[in-house]
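Raw structure32.json, JSON, C-alpha atoms:
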```
[["chain", "number", "residue", "atom", "x", "y", "z"],
["A", 1061, "MET", "CA", -2.17, 54.87, -79.59],
["A", 1062, "LYS", "CA", -4.69, 53.47, -82.05],
["A", 1063, "ILE", "CA", -7.01, 52.48, -79.17],
["A", 1064, "ILE", "CA", -6.83, 55.98, -77.67],
["A", 1065, "PHE", "CA", -7.57, 57.58, -81.04],
["A", 1066, "THR", "CA", -10.50, 55.22, -81.65],
["A", 1067, "ALA", "CA", -11.87, 55.95, -78.17],
["A", 1068, "ALA", "CA", -11.55, 59.68, -78.76],
["A", 1069, "ILE", "CA", -13.44, 59.37, -82.06],
["A", 1070, "CYS", "CA", -16.19, 57.36, -80.35],
["A", 1071, "ILE", "CA", -16.52, 59.90, -77.53],
["A", 1072, "PHE", "CA", -16.66, 62.73, -80.08],
["A", 1073, "ALA", "CA", -19.31, 60.90, -82.11],
["A", 1074, "ILE", "CA", -21.44, 60.22, -79.04],
["A", 1075, "SER", "CA", -21.18, 63.80, -77.76],
["A", 1076, "THR", "CA", -21.94, 65.21, -81.22],
["A", 1077, "SER", "CA", -24.90, 62.86, -81.56],
["A", 1078, "SER", "CA", -26.16, 63.85, -78.12],
["A", 1079, "TYR", "CA", -25.80, 67.56, -79.01],
["A", 1080, "ALA", "CA", -27.68, 67.06, -82.27],
["A", 1081, "SER", "CA", -30.38, 65.08, -80.48],
["A", 1082, "ASP", "CA", -30.75, 67.83, -77.82],
["A", 1083, "ASN", "CA", -31.09, 70.43, -80.58],
["A", 1084, "LEU", "CA", -33.77, 68.38, -82.34],
["A", 1085, "VAL", "CA", -35.71, 68.09, -79.08],
["A", 1086, "LYS", "CA", -35.40, 71.85, -78.46],
["A", 1087, "LYS", "CA", -36.45, 72.67, -82.01],
["A", 1088, "SER", "CA", -39.36, 70.24, -81.85],
["A", 1089, "ASN", "CA", -40.49, 71.75, -78.54],
["A", 1090, "ALA", "CA", -40.11, 75.26, -79.94],
["A", 1091, "THR", "CA", -42.23, 74.33, -82.94],
["A", 1092, "LYS", "CA", -44.92, 72.90, -80.66],
["A", 1093, "ALA", "CA", -44.74, 75.97, -78.39],
["A", 1094, "HIS", "CA", -45.09, 78.37, -81.32],
["A", 1095, "SER", "CA", -48.08, 76.38, -82.56],
["A", 1096, "ILE", "CA", -49.74, 76.63, -79.13],
["A", 1097, "ILE", "CA", -48.96, 80.34, -78.92],
["A", 1098, "ASP", "CA", -50.39, 80.93, -82.41],
["A", 1099, "LYS", "CA", -53.58, 78.95, -81.69],
["A", 1100, "LYS", "CA", -54.27, 79.79, -78.06],
["A", 1101, "CYS", "CA", -52.49, 82.96, -76.96],
["A", 1102, "THR", "CA", -52.85, 85.25, -79.92],
["A", 1103, "THR", "CA", -56.64, 85.12, -79.78],
["A", 1104, "CYS", "CA", -56.40, 87.78, -77.03],
["A", 1105, "HIS", "CA", -53.14, 89.59, -77.76],
["A", 1106, "SER", "CA", -50.33, 89.79, -80.27],
["A", 1107, "LYS", "CA", -47.35, 87.49, -80.49],
["A", 1108, "GLU", "CA", -45.18, 90.59, -80.18],
["A", 1109, "LYS", "CA", -46.47, 91.10, -76.64],
["A", 1110, "ILE", "CA", -45.29, 87.59, -75.75],
["A", 1111, "ASP", "CA", -41.94, 88.13, -77.48],
["A", 1112, "LEU", "CA", -41.46, 91.39, -75.58],
["A", 1113, "ALA", "CA", -42.21, 89.76, -72.22],
["A", 1114, "LEU", "CA", -39.92, 86.85, -73.04],
["A", 1115, "SER", "CA", -37.04, 89.04, -74.24],
["A", 1116, "SER", "CA", -37.31, 91.32, -71.20],
["A", 1117, "GLY", "CA", -36.84, 88.38, -68.84],
["A", 1118, "LYS", "CA", -40.33, 88.32, -67.34],
["A", 1119, "ASP", "CA", -41.42, 85.23, -65.41],
["A", 1120, "MET", "CA", -43.26, 83.50, -68.22],
["A", 1121, "ASN", "CA", -44.50, 80.66, -66.02],
["A", 1122, "GLN", "CA", -46.16, 83.20, -63.74],
["A", 1123, "ILE", "CA", -47.64, 85.05, -66.72],
["A", 1124, "GLN", "CA", -48.91, 81.74, -68.09],
["A", 1125, "LYS", "CA", -50.64, 81.00, -64.74],
["A", 1126, "GLU", "CA", -52.21, 84.46, -64.79],
["A", 1127, "MET", "CA", -53.48, 83.92, -68.33],
["A", 1128, "VAL", "CA", -55.01, 80.56, -67.36],
["A", 1129, "ASN", "CA", -56.67, 82.28, -64.38],
["A", 1130, "LYS", "CA", -58.05, 84.89, -66.78],
["A", 1131, "GLY", "CA", -59.59, 82.16, -68.93],
["A", 1132, "ALA", "CA", -56.91, 80.93, -71.33],
["A", 1133, "LYS", "CA", -57.73, 77.33, -72.23],
["A", 1134, "LEU", "CA", -54.51, 75.29, -72.11],
["A", 1135, "SER", "CA", -54.41, 71.54, -71.61],
["A", 1136, "SER", "CA", -51.90, 70.16, -69.13],
["A", 1137, "ASN", "CA", -49.77, 68.99, -72.09],
["A", 1138, "GLU", "CA", -49.83, 72.47, -73.65],
["A", 1139, "GLN", "CA", -48.89, 74.02, -70.32],
["A", 1140, "GLU", "CA", -45.99, 71.58, -70.00],
["A", 1141, "VAL", "CA", -44.72, 72.31, -73.54],
["A", 1142, "LEU", "CA", -44.87, 76.05, -72.90],
["A", 1143, "GLY", "CA", -43.20, 75.63, -69.49],
["A", 1144, "ILE", "CA", -40.27, 73.85, -71.10],
["A", 1145, "PHE", "CA", -40.12, 76.49, -73.83],
["A", 1146, "TRP", "CA", -40.06, 79.34, -71.30],
["A", 1147, "LYS", "CA", -37.14, 77.71, -69.46],
["A", 1148, "GLN", "CA", -34.93, 77.70, -72.54],
["A", 1149, "ALA", "CA", -32.37, 80.49, -72.28],
["A", 1150, "LYS", "CA", -32.90, 81.57, -75.87],
["A", 1151, "PRO", "CA", -35.99, 79.97, -77.39],
["A", 1152, "ILE", "CA", -35.45, 78.96, -80.98],
["A", 1153, "ALA", "CA", -37.34, 81.14, -83.43],
["A", 1154, "GLN", "CA", -39.89, 79.26, -85.49],
["A", 1155, "SER", "CA", -38.51, 78.56, -88.92],
["A", 1156, "LYS", "CA", -40.87, 79.08, -91.82]]
```

Give the structure from the file, written as structure tokens.
Amino acid sequence: MKIIFTAAICIFAISTSSYASDNLVKKSNATKAHSIIDKKCTTCHSKEKIDLALSSGKDMNQIQKEMVNKGAKLSSNEQEVLGIFWKQAKPIAQSK
């Protein structure tokens, strides 16, 4: 019984640690994405326009491609960060 309990505690600790780690990665990516949006996207339009498109379920990857075609300057790394951010079901709001 003691072995089973110890194993259960270990599994819980690992899964909790993995969950916390995933959340840190998501929050870090969200912070990076918000920084990119603030520096690169809002030079042409408001952040509210992005938030509206995101909340209405628009294809953000397609919109991002259109913006690059219109002249938005995004490095491949910035495009990757935003691509990951767009895929998140509910992007984490930037904490101030």

Open item on the list: Could you tell me how far atom CA of Gln1124 of chain A sits from atom CA of His1105 of chain A, in Å to one decimal place?
Closed with: 13.2 Å

Open item on the list: Between atom CA of Lys1133 of chain A and atom CA of Ile1097 of chain A, what is the distance in Å, rounded to a tenth?
Closed with: 11.4 Å

Open item on the list: Applying 10 Å and all atoms listed in the file, which residues near Lys1147 of chain A remain after dropping the ones on its own chain fewer than 5 positions away? List them as a PyMOL selection string.
Closed with: chain A and resi 1119-1121+1142

Open item on the list: Using only C-alpha atoms, which protein or nucleic acid residues come within 12 Å of Cys1101 of chain A? Drop anything in the same chain fewer than 2 positions from it, and give the result as number ranges by chain.
Closed with: A: 1093-1099, 1103-1111, 1123-1124, 1127-1128, 1130-1134, 1138-1139, 1142

Kindly compute an axis-aligned box around the listed atoms of segment 1116-1122 of chain A, allowing 4 Å on each side, and express its centre and edge lengths in Å to one decimal as AutoDock Vina command-line options.
```
--center_x -41.5 --center_y 86.0 --center_z -67.5 --size_x 17.3 --size_y 18.7 --size_z 15.5
```
